[in-house]
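One structure below.
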Amino acid sequence: MITQNNNMMRKLFIIVILSCSLLLISTNKIKSNEPSLQLAFLQEVYIDKSENEESNGEKEIRNFIGLFPKTNDTITIVKLSNSKETPEKSLFWIKADIKKECAVLYSSTSNENITISFKNNKIQVNNDTYTVNREYLTYLKQKILIDKSILDLVYLLKDGCGDYSQSLELLNKNWNNYKQNTKYRVISATIKNKNEQTDEKYFTYQLNYFYNRNGKVKNISGGNSFNKKFISENKKNIHYCIDKLINERSQIKEDLYINKRSLFDSIIGNYEQYSTAKTFYYVKYQTNLKIVNTYTKPKNIQEIFKLLDIR
């Protein structure tokens, strides 16, 4: 009787092991069948409406392609040319140290890296310090340190206040229909921008963030240096007014319209350059976003065009 029971237990044990092995194989097979790369085609329009008669109303269509691996830690952006010139390729990648709670974002087109470190409820980005709420801090630690998500870092810096804003311009577009989570909030930020006339001094200014009852940004107040103010909202758009002083040498004023359905940005703005006493007017808006998932990395730009159905 004991021998029969032992044999039965052995059979049950073998069945359990086989079942677990089959389940593991099936799970791995499902994972391997998931797309490993996301391709995106993005188009924006820039209209130069400066007072110069030769460029007034000149319309430029800008086309971009983004390659976003499932691992999130490397992004390739290709700026397409309307002529026969070779497309401009930019590569971004991030490396993180979980124990030290820090990361570095690298770029193939910039010699200046962006360093990120987490200290208490603050996030240090180069010389700048962002204070966020607990929910957002937990989310960003997961996304940046573990998932190595470059776009989540870029979204934190979307308002373009730091010295690194220019190097992030290609990423600071609506690549994946990212919708703001109203639970995640920036409380304040201390921005230190280098004084271009000397390497030792900084322009320092404090930003304070204010939200409405629904958790949407109502106002970002930074004295005379940076202000973003909610103006209105209708069924189609959310309207903000932005006033930005750049290192006391120039000023940007923009009306930002966020399309509530597509999440595309439309901007009507002007740029005043103090040294030349000139003001340049412009309009910029995104018109298209096409996303395709693929299992293998395309060999060349022609394969990318084919997958995205770009002619």
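Residues in the structure tokens are numbered from 1 in each chain, the chains being A, B, ... in the order shown, and ligands are numbered from 1 in the order shown.
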
| message | Would you pick out the contacts of Leu67 (chain A) at 9 Å or less, using only C-alpha atoms, so that residues sharing its chain but fewer than 5 positions from it are not included, and give the list as a ChimeraX atom specification? | response | /A:37-40,74-78,297

| Near region 232-241 of chain A, counting only C-alpha atoms, which residues have an atom at most 7 Å away, once you skip same-chain residues fewer than 4 positions from it, shown as a list of chain:residue names? |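 My reading of the contact set: A:Lys228, A:Glu254, A:Asp255, A:Leu256, A:Tyr257, A:Ile258, A:Asn259, A:Lys260.
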
| request: State, in Å with one decimal place, the distance from CA of Lys284 (chain A) to CA of Asn270 (chain A). | output: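 CA of Asn270 (chain A) lies at a distance of 11.0 Å from CA of Lys284 (chain A).
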
| message | If we count only C-alpha atoms and set the cut-off at 12 Å, which residues sit around Gly66 (chain A), ignoring sequence neighbours fewer than 6 positions away in its own chain? Please answer as number ranges by chain. | response | A: 37-43, 74-80, 88-92, 151, 170-176, 289-293, 301, 304-305, 308

File of the preceding selection, C-alpha atoms, as a PDB file, in the first residue's frame:
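That gives us out-v3.pdb:
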ATOM      1  CA  LEU A  37      10.183  47.637 -32.083  1.00  0.00           C
ATOM      2  CA  GLN A  38       7.787  50.515 -32.605  1.00  0.00           C
ATOM      3  CA  LEU A  39       8.158  52.775 -35.629  1.00  0.00           C
ATOM      4  CA  ALA A  40       6.601  56.236 -35.710  1.00  0.00           C
ATOM      5  CA  PHE A  41       6.245  58.802 -38.463  1.00  0.00           C
ATOM      6  CA  LEU A  42       5.690  62.357 -37.255  1.00  0.00           C
ATOM      7  CA  GLN A  43       5.038  65.450 -39.329  1.00  0.00           C
ATOM      8  CA  THR A  74      17.574  53.512 -26.808  1.00  0.00           C
ATOM      9  CA  ILE A  75      15.775  55.796 -29.254  1.00  0.00           C
ATOM     10  CA  THR A  76      16.714  56.701 -32.813  1.00  0.00           C
ATOM     11  CA  ILE A  77      15.246  59.808 -34.448  1.00  0.00           C
ATOM     12  CA  VAL A  78      15.667  60.427 -38.172  1.00  0.00           C
ATOM     13  CA  LYS A  79      14.954  63.867 -39.594  1.00  0.00           C
ATOM     14  CA  LEU A  80      14.007  63.444 -43.235  1.00  0.00           C
ATOM     15  CA  GLU A  88      19.918  63.367 -40.217  1.00  0.00           C
ATOM     16  CA  LYS A  89      20.132  60.545 -37.677  1.00  0.00           C
ATOM     17  CA  SER A  90      20.237  61.126 -33.906  1.00  0.00           C
ATOM     18  CA  LEU A  91      20.676  58.417 -31.293  1.00  0.00           C
ATOM     19  CA  PHE A  92      19.686  58.688 -27.615  1.00  0.00           C
ATOM     20  CA  LEU A 151      10.339  59.518 -23.051  1.00  0.00           C
ATOM     21  CA  LEU A 170      13.787  65.996 -31.227  1.00  0.00           C
ATOM     22  CA  LEU A 171      12.339  63.935 -28.378  1.00  0.00           C
ATOM     23  CA  ASN A 172      10.058  66.678 -27.053  1.00  0.00           C
ATOM     24  CA  LYS A 173       7.296  65.929 -29.526  1.00  0.00           C
ATOM     25  CA  ASN A 174       4.111  63.900 -29.301  1.00  0.00           C
ATOM     26  CA  TRP A 175       5.663  60.567 -30.282  1.00  0.00           C
ATOM     27  CA  ASN A 176       3.268  58.227 -28.504  1.00  0.00           C
ATOM     28  CA  LEU A 289       1.471  60.686 -36.221  1.00  0.00           C
ATOM     29  CA  LYS A 290       1.543  57.159 -37.617  1.00  0.00           C
ATOM     30  CA  ILE A 291       2.657  54.231 -35.432  1.00  0.00           C
ATOM     31  CA  VAL A 292       3.537  50.697 -36.601  1.00  0.00           C
ATOM     32  CA  ASN A 293       4.804  47.770 -34.509  1.00  0.00           C
ATOM     33  CA  ILE A 301      15.435  53.600 -44.458  1.00  0.00           C
ATOM     34  CA  ILE A 304      11.095  51.809 -42.773  1.00  0.00           C
ATOM     35  CA  PHE A 305       9.262  53.763 -45.480  1.00  0.00           C
ATOM     36  CA  LEU A 308       5.106  52.991 -42.409  1.00  0.00           C
TER      37      LEU A 308
END

| Which of these residues is nearest to Ile98 (chain A), using only C-alpha atoms: A:Lys59, A:Arg261, A:Arg185, A:Lys143? |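 The closest residue to Ile98 (chain A) is A:Lys143.
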
| With only C-alpha atoms as the atoms that count, which of A:Thr296, A:Asn72, A:Thr115, A:Asn227 lies nearest to Ser149 (chain A)? | A:Asn72

| task | Would you mind telling me which residue in A:Thr204, A:Ser107, A:Val154, A:Gln286 lies nearest to Glu60 (chain A) when using only C-alpha atoms? | result |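 Of the candidates, the smallest distance to Glu60 (chain A) is held by A:Gln286.
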
| Which value, in Å to one decimal, gives the distance between CA of Asn127 (chain A) and CA of Lys192 (chain A)? |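 Rounded to one decimal, the two atoms are 5.8 Å apart.
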
| If you run DSSP on the backbone, which residues of region 31-270 of chain A are strand (DSSP E or B), as a count of residues only? | 121

| query | What separation in Å, quoted to one decimal, exists between CA of Asn63 (chain A) and CA of Asn113 (chain A)? | reply |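 Between these atoms lies a distance of 25.7 Å.
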
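Residue nearest Tyr271 (chain A), chosen from A:Lys49, A:Lys183, A:Lys216, A:Lys194 and counting only C-alpha atoms: A:Lys49.
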
If DSSP is run on the backbone, what residues of region 22-169 of chain A are helix (DSSP H, G or I)? A reply as a JSON list (two decimals) with N, CA and C atoms, in the first residue's frame would be ideal.
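So the final result, stored in result14.json, reads:
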[["chain", "number", "residue", "atom", "x", "y", "z"],
["A", 22, "LEU", "N", 5.75, 23.30, -19.37],
["A", 22, "LEU", "CA", 4.95, 23.66, -20.54],
["A", 22, "LEU", "C", 4.41, 25.08, -20.43],
["A", 23, "LEU", "N", 4.00, 25.46, -19.21],
["A", 23, "LEU", "CA", 3.48, 26.81, -18.98],
["A", 23, "LEU", "C", 4.57, 27.86, -19.20],
["A", 24, "LEU", "N", 5.78, 27.53, -18.72],
["A", 24, "LEU", "CA", 6.91, 28.45, -18.88],
["A", 24, "LEU", "C", 7.28, 28.60, -20.35],
["A", 25, "ILE", "N", 7.30, 27.50, -21.07],
["A", 25, "ILE", "CA", 7.60, 27.53, -22.51],
["A", 25, "ILE", "C", 6.56, 28.34, -23.26],
["A", 26, "SER", "N", 5.29, 28.13, -22.91],
["A", 26, "SER", "CA", 4.21, 28.86, -23.58],
["A", 26, "SER", "C", 4.30, 30.36, -23.30],
["A", 27, "THR", "N", 4.63, 30.71, -22.05],
["A", 27, "THR", "CA", 4.75, 32.13, -21.68],
["A", 27, "THR", "C", 5.89, 32.80, -22.44],
["A", 28, "ASN", "N", 7.03, 32.10, -22.51],
["A", 28, "ASN", "CA", 8.17, 32.64, -23.24],
["A", 28, "ASN", "C", 7.87, 32.79, -24.72],
["A", 29, "LYS", "N", 7.10, 31.86, -25.25],
["A", 29, "LYS", "CA", 6.74, 31.91, -26.66],
["A", 29, "LYS", "C", 5.84, 33.10, -26.94],
["A", 30, "ILE", "N", 4.90, 33.37, -26.01],
["A", 30, "ILE", "CA", 4.02, 34.52, -26.17],
["A", 30, "ILE", "C", 4.82, 35.80, -26.15],
["A", 31, "LYS", "N", 5.79, 35.86, -25.19],
["A", 31, "LYS", "CA", 6.63, 37.06, -25.08],
["A", 31, "LYS", "C", 7.45, 37.26, -26.33],
["A", 32, "SER", "N", 8.01, 36.16, -26.88],
["A", 32, "SER", "CA", 8.83, 36.27, -28.07],
["A", 32, "SER", "C", 8.02, 36.68, -29.29],
["A", 134, "ARG", "N", 4.76, 62.28, -4.10],
["A", 134, "ARG", "CA", 5.22, 60.92, -3.85],
["A", 134, "ARG", "C", 4.84, 59.97, -5.00],
["A", 135, "GLU", "N", 3.62, 60.13, -5.52],
["A", 135, "GLU", "CA", 3.17, 59.24, -6.60],
["A", 135, "GLU", "C", 4.05, 59.39, -7.85],
["A", 136, "TYR", "N", 4.36, 60.63, -8.18],
["A", 136, "TYR", "CA", 5.17, 60.88, -9.37],
["A", 136, "TYR", "C", 6.61, 60.41, -9.16],
["A", 137, "LEU", "N", 7.13, 60.59, -7.95],
["A", 137, "LEU", "CA", 8.49, 60.15, -7.65],
["A", 137, "LEU", "C", 8.62, 58.64, -7.79],
["A", 138, "THR", "N", 7.66, 57.90, -7.24],
["A", 138, "THR", "CA", 7.67, 56.44, -7.35],
["A", 138, "THR", "C", 7.59, 56.00, -8.80],
["A", 139, "TYR", "N", 6.73, 56.66, -9.56],
["A", 139, "TYR", "CA", 6.56, 56.34, -10.98],
["A", 139, "TYR", "C", 7.85, 56.59, -11.75],
["A", 140, "LEU", "N", 8.48, 57.75, -11.55],
["A", 140, "LEU", "CA", 9.69, 58.10, -12.29],
["A", 140, "LEU", "C", 10.88, 57.21, -11.91],
["A", 141, "LYS", "N", 10.98, 56.82, -10.65],
["A", 141, "LYS", "CA", 12.03, 55.89, -10.25],
["A", 141, "LYS", "C", 11.90, 54.58, -11.02],
["A", 142, "GLN", "N", 10.69, 54.08, -11.11],
["A", 142, "GLN", "CA", 10.45, 52.84, -11.84],
["A", 142, "GLN", "C", 10.77, 53.01, -13.32],
["A", 143, "LYS", "N", 10.28, 54.09, -13.90],
["A", 143, "LYS", "CA", 10.42, 54.30, -15.34],
["A", 143, "LYS", "C", 11.85, 54.62, -15.76],
["A", 144, "ILE", "N", 12.56, 55.43, -14.97],
["A", 144, "ILE", "CA", 13.90, 55.86, -15.37],
["A", 144, "ILE", "C", 14.97, 54.87, -14.93],
["A", 145, "LEU", "N", 14.93, 54.43, -13.67],
["A", 145, "LEU", "CA", 15.98, 53.58, -13.14],
["A", 145, "LEU", "C", 15.84, 52.12, -13.55],
["A", 146, "ILE", "N", 14.61, 51.63, -13.64],
["A", 146, "ILE", "CA", 14.38, 50.21, -13.94],
["A", 146, "ILE", "C", 14.00, 49.99, -15.40],
["A", 150, "ILE", "N", 13.20, 56.70, -21.71],
["A", 150, "ILE", "CA", 13.70, 58.03, -22.07],
["A", 150, "ILE", "C", 12.55, 59.02, -22.20],
["A", 151, "LEU", "N", 11.45, 58.60, -22.80],
["A", 151, "LEU", "CA", 10.34, 59.52, -23.05],
["A", 151, "LEU", "C", 9.67, 60.00, -21.76],
["A", 152, "ASP", "N", 9.66, 59.17, -20.72],
["A", 152, "ASP", "CA", 9.09, 59.62, -19.45],
["A", 152, "ASP", "C", 9.95, 60.70, -18.81],
["A", 153, "LEU", "N", 11.27, 60.60, -18.99],
["A", 153, "LEU", "CA", 12.17, 61.66, -18.51],
["A", 153, "LEU", "C", 11.93, 62.94, -19.30],
["A", 154, "VAL", "N", 11.79, 62.81, -20.61],
["A", 154, "VAL", "CA", 11.58, 63.97, -21.47],
["A", 154, "VAL", "C", 10.27, 64.67, -21.13],
["A", 155, "TYR", "N", 9.25, 63.89, -20.80],
["A", 155, "TYR", "CA", 7.96, 64.50, -20.46],
["A", 155, "TYR", "C", 8.06, 65.34, -19.19],
["A", 156, "LEU", "N", 8.86, 64.90, -18.23],
["A", 156, "LEU", "CA", 9.08, 65.70, -17.02],
["A", 156, "LEU", "C", 9.67, 67.06, -17.37],
["A", 163, "ASP", "N", 19.03, 74.15, -19.45],
["A", 163, "ASP", "CA", 20.00, 74.29, -20.55],
["A", 163, "ASP", "C", 19.95, 73.13, -21.53],
["A", 164, "TYR", "N", 19.40, 72.00, -21.11],
["A", 164, "TYR", "CA", 19.35, 70.79, -21.93],
["A", 164, "TYR", "C", 18.16, 70.77, -22.89],
["A", 165, "SER", "N", 17.32, 71.78, -22.86],
["A", 165, "SER", "CA", 16.09, 71.76, -23.66],
["A", 165, "SER", "C", 16.37, 71.65, -25.15]]

Residues within 7 Å of Glu272 (chain A), please, as a PDB file with N, CA and C atoms, in the first residue's frame. Count only C-alpha atoms; anything in the same chain fewer than 2 positions from it doesn't count.
ATOM      1  N   SER A 250      17.084  87.197 -24.494  1.00  0.00           N
ATOM      2  CA  SER A 250      15.984  87.100 -25.457  1.00  0.00           C
ATOM      3  C   SER A 250      14.723  86.645 -24.739  1.00  0.00           C
ATOM      4  N   GLN A 251      13.593  86.782 -25.409  1.00  0.00           N
ATOM      5  CA  GLN A 251      12.318  86.433 -24.791  1.00  0.00           C
ATOM      6  C   GLN A 251      11.418  85.742 -25.804  1.00  0.00           C
ATOM      7  N   ILE A 252      10.712  84.709 -25.325  1.00  0.00           N
ATOM      8  CA  ILE A 252       9.767  83.969 -26.164  1.00  0.00           C
ATOM      9  C   ILE A 252       8.373  84.096 -25.566  1.00  0.00           C
ATOM     10  N   ASN A 270       6.276  84.350 -30.804  1.00  0.00           N
ATOM     11  CA  ASN A 270       7.267  85.301 -31.287  1.00  0.00           C
ATOM     12  C   ASN A 270       8.512  85.237 -30.419  1.00  0.00           C
ATOM     13  N   TYR A 274      17.212  90.596 -27.958  1.00  0.00           N
ATOM     14  CA  TYR A 274      17.553  91.910 -27.414  1.00  0.00           C
ATOM     15  C   TYR A 274      18.750  92.542 -28.116  1.00  0.00           C
ATOM     16  N   LYS A 278      15.306  92.772 -32.730  1.00  0.00           N
ATOM     17  CA  LYS A 278      14.412  92.214 -33.742  1.00  0.00           C
ATOM     18  C   LYS A 278      13.462  91.197 -33.114  1.00  0.00           C
ATOM     19  N   THR A 279      12.261  91.111 -33.687  1.00  0.00           N
ATOM     20  CA  THR A 279      11.262  90.143 -33.234  1.00  0.00           C
ATOM     21  C   THR A 279      10.862  89.258 -34.410  1.00  0.00           C
ATOM     22  N   PHE A 280      10.876  87.951 -34.185  1.00  0.00           N
ATOM     23  CA  PHE A 280      10.533  86.989 -35.222  1.00  0.00           C
ATOM     24  C   PHE A 280       9.241  86.277 -34.829  1.00  0.00           C
TER      25      PHE A 280
END

| field | Which residue of A:Ile123, A:Cys161, A:Ile267, A:Ala96 approaches Ile220 (chain A) most closely, using only C-alpha atoms | value |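 Counting only C-alpha atoms, the residue closest to Ile220 (chain A) is A:Cys161.
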
| field | Surrounding residues of Ile61 (chain A) excluding itself and chain neighbours under 4 positions, 7 Å, only C-alpha atoms, as a VMD selection string | value | chain A and resid 44 to 46

For Gly269 (chain A), find every residue with an atom within 6 Å (counting only C-alpha atoms), except residues of its own chain fewer than 4 positions away, and show them as a compact mmCIF listing (two decimals) with N, CA and C atoms, in the first residue's frame.
# COMPACT_ATOMS: atom_id res chain seq x y z
N LYS A 253 7.43 84.43 -26.40
CA LYS A 253 6.01 84.48 -25.99
C LYS A 253 5.23 83.58 -26.93
N GLU A 254 4.47 82.65 -26.33
CA GLU A 254 3.75 81.67 -27.14
C GLU A 254 2.34 81.44 -26.62
N TYR A 281 8.31 86.20 -35.77
CA TYR A 281 7.00 85.59 -35.51
C TYR A 281 6.91 84.25 -36.25
N TYR A 282 6.24 83.29 -35.62
CA TYR A 282 6.18 81.96 -36.20
C TYR A 282 4.91 81.22 -35.76
